[in-house]
Amino acid sequence: MSVSEDYHEDVVESSEESVPNSLLVVSAITAGLERDMTLTGFPFEVSMGKLWDLKSQTALDFIVRIEERFRKRNKFHGYFANPTSSSTPGNLRSYIDEKATFSQTSEQIMQGLKRVGNAVERGNLVGGNVVIVHYKASADTDDLGRFLVVLVSKKSGFDFDTDLQPKKLNPIDTDALRQAALFDLNLFAVSYPKNDGDSYLHFIDGKSKSGFFKEALGCEDATPNRESVRNLFEAVNAFVSECGLPRSKREKIVSKVTEHLKQRASEKKPTGLNEIQQVIDKELPVNHVKKGKFCVFVNDNKYQINSVFEPTLPDASKGESVEISDVSKNFSCKVKLSSLGYEGSGKPVLLDDDLNYIRIPLDDADREAILLKVGKKDDDDSIDK
């Protein structure tokens, strides 16, 4: 069983300031994925709606709201598995190359969802409406845009008419976004099938633990646990820097996060962004404006941290130190962050004010070893005298 199937993260909202003023919508459609109660086994059947009328303000509001809700959720980041039995990569490639229309591509995606949904082990899976949207964030002609696929429940707040056109906009139940996937077509076009670039697939499992979309779309996690931990420390350090705290308090927060990761590693248990947020919140002053905002910060700044991951002790320990080297790799060293400071800080490893150099103390053994290999200054003929 994968980590994402045995551990669930609660929904985390992102900040309202991150909502885009507008999206350039290329195409959108709704498809029904419902069980046919008249047939043996109650299999899923697909019903395709008509292309949305993009002149309708209701339709445009729907798309903005769907994209916003997706962006606000903690996500997993991935690639298409390679090789894969899924037809989705080929379908998207055909769409990018204009060998298939949006309607044809959407139909193929729905057939893939239907096939996986009808597997015996998915007997308890509940259907709903699938909203598929191709949109862009800019008018740049080279921008291929993004392809969003969202399964919404009947109570989602999205209402549709008989043609599956958006009818009215009600208050939206965030939890009703059961499963969703977002494909960055620009990254997909240059990265697949080698998958040697940034992850181009982002998905949420919502309240479902079935991994339905992962299997149906042929995707796999692209952000390994190690990268999630590394990116987490980057996010934590950036976040606490914005909190206006003294260094001692910032270091304590990072230390507490490290302790939490080590504890989970020793227990061989997963952790998640919400747990990390709780660790941070405990160390922030009462009524601090940043309390409860760490997950918001992660999502708004697009740190690629899987919402659930399993840390290891070595990876967790890396948050306590920084590795330093020059461009030419003439030297490298690892320094504990708690030992690093400016002149007058009382720290053993000192930085100059312009952050150009560090000064490291040597013990007797190190001095003797260096003296043996380098000699004294008077013996160095590379120095102008």
# chains A, B, ... in the order shown; residues from 1 in each chain; ligands from 1
call {"tool": "select_by_dssp", "arguments": {"residues": "region 66-171 of chain A", "states": "helix (DSSP H, G or I)", "output": "mmCIF file with N, CA and C atoms, in the first residue's frame"}}
result
data_model
loop_
_atom_site.group_PDB
_atom_site.id
_atom_site.type_symbol
_atom_site.label_atom_id
_atom_site.label_comp_id
_atom_site.auth_asym_id
_atom_site.auth_seq_id
_atom_site.Cartn_x
_atom_site.Cartn_y
_atom_site.Cartn_z
ATOM 1 N N ILE A 66 -13.119 26.542 -10.011
ATOM 2 C CA ILE A 66 -12.544 25.193 -10.012
ATOM 3 C C ILE A 66 -11.022 25.265 -9.915
ATOM 4 N N GLU A 67 -10.417 26.120 -10.747
ATOM 5 C CA GLU A 67 -8.961 26.247 -10.740
ATOM 6 C C GLU A 67 -8.476 26.737 -9.386
ATOM 7 N N GLU A 68 -9.220 27.669 -8.817
ATOM 8 C CA GLU A 68 -8.859 28.206 -7.504
ATOM 9 C C GLU A 68 -8.895 27.121 -6.440
ATOM 10 N N ARG A 69 -9.966 26.319 -6.455
ATOM 11 C CA ARG A 69 -10.111 25.277 -5.444
ATOM 12 C C ARG A 69 -9.029 24.215 -5.581
ATOM 13 N N PHE A 70 -8.684 23.898 -6.810
ATOM 14 C CA PHE A 70 -7.607 22.922 -7.015
ATOM 15 C C PHE A 70 -6.297 23.466 -6.463
ATOM 16 N N ARG A 71 -6.016 24.719 -6.753
ATOM 17 C CA ARG A 71 -4.749 25.315 -6.347
ATOM 18 C C ARG A 71 -4.618 25.403 -4.833
ATOM 19 N N THR A 88 -3.367 8.194 -21.713
ATOM 20 C CA THR A 88 -3.420 9.639 -21.490
ATOM 21 C C THR A 88 -2.234 10.388 -22.095
ATOM 22 N N PRO A 89 -0.977 9.934 -21.933
ATOM 23 C CA PRO A 89 0.128 10.675 -22.551
ATOM 24 C C PRO A 89 -0.036 10.815 -24.063
ATOM 25 N N GLY A 90 -0.434 9.728 -24.721
ATOM 26 C CA GLY A 90 -0.644 9.784 -26.162
ATOM 27 C C GLY A 90 -1.788 10.703 -26.538
ATOM 28 N N ASN A 91 -2.836 10.693 -25.731
ATOM 29 C CA ASN A 91 -3.978 11.570 -26.006
ATOM 30 C C ASN A 91 -3.587 13.038 -25.893
ATOM 31 N N LEU A 92 -2.818 13.360 -24.868
ATOM 32 C CA LEU A 92 -2.392 14.747 -24.702
ATOM 33 C C LEU A 92 -1.432 15.167 -25.808
ATOM 34 N N ARG A 93 -0.548 14.249 -26.203
ATOM 35 C CA ARG A 93 0.383 14.566 -27.282
ATOM 36 C C ARG A 93 -0.378 14.837 -28.583
ATOM 37 N N SER A 94 -1.382 14.026 -28.858
ATOM 38 C CA SER A 94 -2.191 14.236 -30.061
ATOM 39 C C SER A 94 -2.919 15.569 -30.000
ATOM 40 N N TYR A 95 -3.380 15.929 -28.817
ATOM 41 C CA TYR A 95 -4.084 17.203 -28.663
ATOM 42 C C TYR A 95 -3.132 18.373 -28.874
ATOM 43 N N ILE A 96 -1.935 18.286 -28.300
ATOM 44 C CA ILE A 96 -0.944 19.348 -28.477
ATOM 45 C C ILE A 96 -0.576 19.496 -29.949
ATOM 46 N N PHE A 102 -10.363 18.950 -28.703
ATOM 47 C CA PHE A 102 -10.557 18.939 -27.257
ATOM 48 C C PHE A 102 -11.638 17.935 -26.878
ATOM 49 N N SER A 103 -12.720 17.899 -27.654
ATOM 50 C CA SER A 103 -13.812 16.962 -27.356
ATOM 51 C C SER A 103 -13.342 15.519 -27.456
ATOM 52 N N GLN A 104 -12.561 15.216 -28.497
ATOM 53 C CA GLN A 104 -12.056 13.855 -28.671
ATOM 54 C C GLN A 104 -11.104 13.476 -27.532
ATOM 55 N N THR A 105 -10.245 14.395 -27.157
ATOM 56 C CA THR A 105 -9.304 14.130 -26.066
ATOM 57 C C THR A 105 -10.042 13.908 -24.756
ATOM 58 N N SER A 106 -11.058 14.723 -24.510
ATOM 59 C CA SER A 106 -11.848 14.579 -23.284
ATOM 60 C C SER A 106 -12.574 13.241 -23.259
ATOM 61 N N GLU A 107 -13.102 12.833 -24.405
ATOM 62 C CA GLU A 107 -13.798 11.542 -24.500
ATOM 63 C C GLU A 107 -12.845 10.397 -24.179
ATOM 64 N N GLN A 108 -11.617 10.466 -24.687
ATOM 65 C CA GLN A 108 -10.638 9.416 -24.426
ATOM 66 C C GLN A 108 -10.263 9.366 -22.942
ATOM 67 N N ILE A 109 -10.114 10.520 -22.334
ATOM 68 C CA ILE A 109 -9.805 10.563 -20.897
ATOM 69 C C ILE A 109 -10.939 9.947 -20.098
ATOM 70 N N MET A 110 -12.167 10.247 -20.475
ATOM 71 C CA MET A 110 -13.323 9.703 -19.759
ATOM 72 C C MET A 110 -13.404 8.186 -19.905
ATOM 73 N N GLN A 111 -13.055 7.675 -21.073
ATOM 74 C CA GLN A 111 -13.082 6.225 -21.259
ATOM 75 C C GLN A 111 -12.036 5.552 -20.367
ATOM 76 N N GLY A 112 -10.892 6.225 -20.171
ATOM 77 C CA GLY A 112 -9.882 5.694 -19.263
ATOM 78 C C GLY A 112 -10.365 5.684 -17.825
ATOM 79 N N LEU A 113 -11.052 6.750 -17.412
ATOM 80 C CA LEU A 113 -11.617 6.797 -16.064
ATOM 81 C C LEU A 113 -12.678 5.715 -15.891
ATOM 82 N N LYS A 114 -13.487 5.514 -16.915
ATOM 83 C CA LYS A 114 -14.530 4.486 -16.862
ATOM 84 C C LYS A 114 -13.917 3.097 -16.714
ATOM 85 N N ARG A 115 -12.879 2.822 -17.496
ATOM 86 C CA ARG A 115 -12.260 1.491 -17.473
ATOM 87 C C ARG A 115 -11.707 1.171 -16.087
ATOM 88 N N VAL A 116 -10.972 2.098 -15.504
ATOM 89 C CA VAL A 116 -10.390 1.864 -14.183
ATOM 90 C C VAL A 116 -11.470 1.875 -13.112
ATOM 91 N N GLY A 117 -12.467 2.734 -13.268
ATOM 92 C CA GLY A 117 -13.549 2.796 -12.293
ATOM 93 C C GLY A 117 -14.347 1.512 -12.219
ATOM 94 N N VAL A 120 -12.951 -4.416 -10.374
ATOM 95 C CA VAL A 120 -13.665 -5.045 -9.257
ATOM 96 C C VAL A 120 -13.352 -4.356 -7.936
ATOM 97 N N GLU A 121 -12.070 -3.995 -7.736
ATOM 98 C CA GLU A 121 -11.675 -3.412 -6.450
ATOM 99 C C GLU A 121 -12.206 -1.996 -6.253
ATOM 100 N N ARG A 122 -12.805 -1.422 -7.300
ATOM 101 C CA ARG A 122 -13.358 -0.071 -7.184
ATOM 102 C C ARG A 122 -14.866 -0.100 -6.947
#
call {"tool": "closest_residue", "arguments": {"among": "A:Pro166, A:Pro285, A:Gly244, A:Gly218", "to": "Ala59 (chain A)", "atoms": "only C-alpha atoms"}}
result
A:Pro166
call {"tool": "select_by_dssp", "arguments": {"residues": "region 58-271 of chain A", "states": "strand (DSSP E)", "output": "ChimeraX atom specification"}}
result
/A:76-80,128-136,146-152,158-160,166-169,177-184,201-204,219-221,271
call {"tool": "closest_residue", "arguments": {"among": "A:Ser228, A:His77, A:Ala189, A:Lys291", "to": "Ile204 (chain A)", "atoms": "only C-alpha atoms"}}
result
A:His77
call {"tool": "residues_around", "arguments": {"residues": "His260 (chain A)", "least_positions_apart": "4", "cutoff": "10 Å", "atoms": "only C-alpha atoms", "output": "mmCIF file with N, CA and C atoms, in the first residue's frame"}}
result
data_model
loop_
_atom_site.group_PDB
_atom_site.id
_atom_site.type_symbol
_atom_site.label_atom_id
_atom_site.label_comp_id
_atom_site.auth_asym_id
_atom_site.auth_seq_id
_atom_site.Cartn_x
_atom_site.Cartn_y
_atom_site.Cartn_z
ATOM 1 N N VAL A 254 13.023 25.395 13.272
ATOM 2 C CA VAL A 254 13.645 24.415 12.370
ATOM 3 C C VAL A 254 14.046 23.172 13.149
ATOM 4 N N SER A 255 14.559 23.363 14.355
ATOM 5 C CA SER A 255 14.954 22.232 15.197
ATOM 6 C C SER A 255 13.752 21.362 15.550
ATOM 7 N N LYS A 256 12.625 21.986 15.863
ATOM 8 C CA LYS A 256 11.423 21.229 16.210
ATOM 9 C C LYS A 256 10.896 20.453 15.006
ATOM 10 N N ARG A 264 9.164 10.613 13.217
ATOM 11 C CA ARG A 264 8.383 9.857 12.231
ATOM 12 C C ARG A 264 9.268 8.835 11.516
ATOM 13 N N ALA A 265 10.521 9.205 11.254
ATOM 14 C CA ALA A 265 11.435 8.274 10.590
ATOM 15 C C ALA A 265 11.710 7.067 11.473
ATOM 16 N N SER A 266 11.917 7.290 12.758
ATOM 17 C CA SER A 266 12.192 6.183 13.676
ATOM 18 C C SER A 266 10.974 5.277 13.836
ATOM 19 N N THR A 271 4.387 11.425 7.473
ATOM 20 C CA THR A 271 3.931 12.694 8.030
ATOM 21 C C THR A 271 3.388 13.526 6.880
ATOM 22 N N GLU A 275 0.744 18.320 9.633
ATOM 23 C CA GLU A 275 1.474 18.039 10.875
ATOM 24 C C GLU A 275 2.632 19.015 11.057
ATOM 25 N N ILE A 276 3.334 19.308 9.971
ATOM 26 C CA ILE A 276 4.438 20.262 10.047
ATOM 27 C C ILE A 276 3.907 21.634 10.456
ATOM 28 N N VAL A 279 3.456 21.732 14.142
ATOM 29 C CA VAL A 279 4.737 21.869 14.847
ATOM 30 C C VAL A 279 5.173 23.335 14.862
ATOM 31 N N PRO A 311 9.784 10.454 5.830
ATOM 32 C CA PRO A 311 11.179 10.884 5.970
ATOM 33 C C PRO A 311 12.071 9.747 6.451
ATOM 34 N N ALA A 316 16.219 13.649 7.324
ATOM 35 C CA ALA A 316 15.737 14.554 8.369
ATOM 36 C C ALA A 316 16.890 15.314 9.011
#
call {"tool": "closest_residue", "arguments": {"among": "A:Ile132, A:Ser87, A:Glu343, A:Asn124", "to": "Leu164 (chain A)", "atoms": "only C-alpha atoms"}}
result
A:Ile132
call {"tool": "closest_residue", "arguments": {"among": "A:Phe42, A:Arg73, A:Arg230, A:Leu24", "to": "Leu60 (chain A)", "atoms": "only C-alpha atoms"}}
result
A:Leu24
call {"tool": "closest_residue", "arguments": {"among": "A:Lys99, A:Asn186, A:Lys269, A:Val240", "to": "Thr141 (chain A)", "atoms": "only C-alpha atoms"}}
result
A:Asn186
call {"tool": "residues_around", "arguments": {"residues": "Glu234 (chain A)", "least_positions_apart": "5", "cutoff": "9 Å", "atoms": "only C-alpha atoms", "output": "ChimeraX atom specification"}}
result
/A:229,239,303,319
call {"tool": "write_last_selection", "arguments": {"atoms": "N, CA and C atoms", "output": "PDB file, in the first residue's frame"}}
result
ATOM      1  N   VAL A 229      11.470  16.153   1.628  1.00  0.00           N
ATOM      2  CA  VAL A 229      12.109  16.612   2.864  1.00  0.00           C
ATOM      3  C   VAL A 229      13.017  17.803   2.581  1.00  0.00           C
ATOM      4  N   PHE A 239       9.712  30.416   5.232  1.00  0.00           N
ATOM      5  CA  PHE A 239       8.508  30.824   5.967  1.00  0.00           C
ATOM      6  C   PHE A 239       8.861  31.536   7.268  1.00  0.00           C
ATOM      7  N   TYR A 303       6.068  25.128  -3.686  1.00  0.00           N
ATOM      8  CA  TYR A 303       7.104  24.186  -3.257  1.00  0.00           C
ATOM      9  C   TYR A 303       6.610  22.771  -3.554  1.00  0.00           C
ATOM     10  N   GLY A 319      18.500  18.866   7.676  1.00  0.00           N
ATOM     11  CA  GLY A 319      17.966  20.185   7.980  1.00  0.00           C
ATOM     12  C   GLY A 319      18.741  20.919   9.049  1.00  0.00           C
TER      13      GLY A 319
END
call {"tool": "closest_residue", "arguments": {"among": "A:Val257, A:Leu351, A:Cys243, A:Leu144", "to": "Val190 (chain A)", "atoms": "only C-alpha atoms"}}
result
A:Leu144
call {"tool": "residues_around", "arguments": {"residues": "Ala81 (chain A)", "least_positions_apart": "2", "cutoff": "6 Å", "atoms": "only C-alpha atoms", "output": "list in words"}}
result
Pro83, Thr84, Gly218, Cys219 and Glu220 of chain A
call {"tool": "write_last_selection", "arguments": {"atoms": "N, CA and C atoms", "output": "short mmCIF file (atom, residue, chain, number, x, y, z; two decimals), in the first residue's frame"}}
result
data_model
loop_
_atom_site.label_atom_id
_atom_site.label_comp_id
_atom_site.auth_asym_id
_atom_site.auth_seq_id
_atom_site.Cartn_x
_atom_site.Cartn_y
_atom_site.Cartn_z
N PRO A 83 7.48 2.79 -18.88
CA PRO A 83 6.30 2.70 -19.76
C PRO A 83 5.00 2.70 -18.98
N THR A 84 3.91 2.98 -19.68
CA THR A 84 2.61 3.02 -19.05
C THR A 84 1.57 2.37 -19.95
N GLY A 218 -2.43 7.01 -15.34
CA GLY A 218 -1.11 6.43 -15.55
C GLY A 218 0.03 7.23 -14.96
N CYS A 219 -0.19 7.84 -13.80
CA CYS A 219 0.85 8.69 -13.24
C CYS A 219 1.49 8.06 -12.02
N GLU A 220 2.67 8.55 -11.69
CA GLU A 220 3.39 8.08 -10.52
C GLU A 220 3.99 9.28 -9.81
#
call {"tool": "residues_around", "arguments": {"residues": "Phe188 (chain A)", "least_positions_apart": "5", "cutoff": "12 Å", "atoms": "only C-alpha atoms", "output": "MDAnalysis selection string"}}
result
chainID A and resid 78:80 88:90 92:93 96 144:147 182:183 193:202
call {"tool": "write_last_selection", "arguments": {"atoms": "C-alpha atoms", "output": "short mmCIF file (atom, residue, chain, number, x, y, z; two decimals), in the first residue's frame"}}
result
data_model
loop_
_atom_site.label_atom_id
_atom_site.label_comp_id
_atom_site.auth_asym_id
_atom_site.auth_seq_id
_atom_site.Cartn_x
_atom_site.Cartn_y
_atom_site.Cartn_z
CA GLY A 78 4.16 13.39 -10.58
CA TYR A 79 5.01 12.21 -14.05
CA PHE A 80 3.34 9.73 -16.29
CA THR A 88 -3.42 9.64 -21.49
CA PRO A 89 0.13 10.68 -22.55
CA GLY A 90 -0.64 9.78 -26.16
CA LEU A 92 -2.39 14.75 -24.70
CA ARG A 93 0.38 14.57 -27.28
CA ILE A 96 -0.94 19.35 -28.48
CA LEU A 144 0.44 25.46 -24.41
CA GLY A 145 -1.48 25.99 -21.19
CA ARG A 146 -2.81 23.56 -18.63
CA PHE A 147 -5.28 20.71 -18.78
CA LEU A 182 -3.64 19.07 -13.55
CA PHE A 183 -1.31 18.61 -16.53
CA PRO A 193 8.81 10.40 -22.00
CA LYS A 194 12.25 10.93 -20.43
CA ASN A 195 10.69 12.69 -17.43
CA ASP A 196 13.96 14.53 -16.88
CA GLY A 197 12.49 17.92 -16.05
CA ASP A 198 10.13 19.41 -13.50
CA SER A 199 7.03 17.41 -12.68
CA TYR A 200 4.19 18.27 -15.04
CA LEU A 201 1.38 16.43 -13.29
CA HIS A 202 -0.19 17.54 -10.03
#
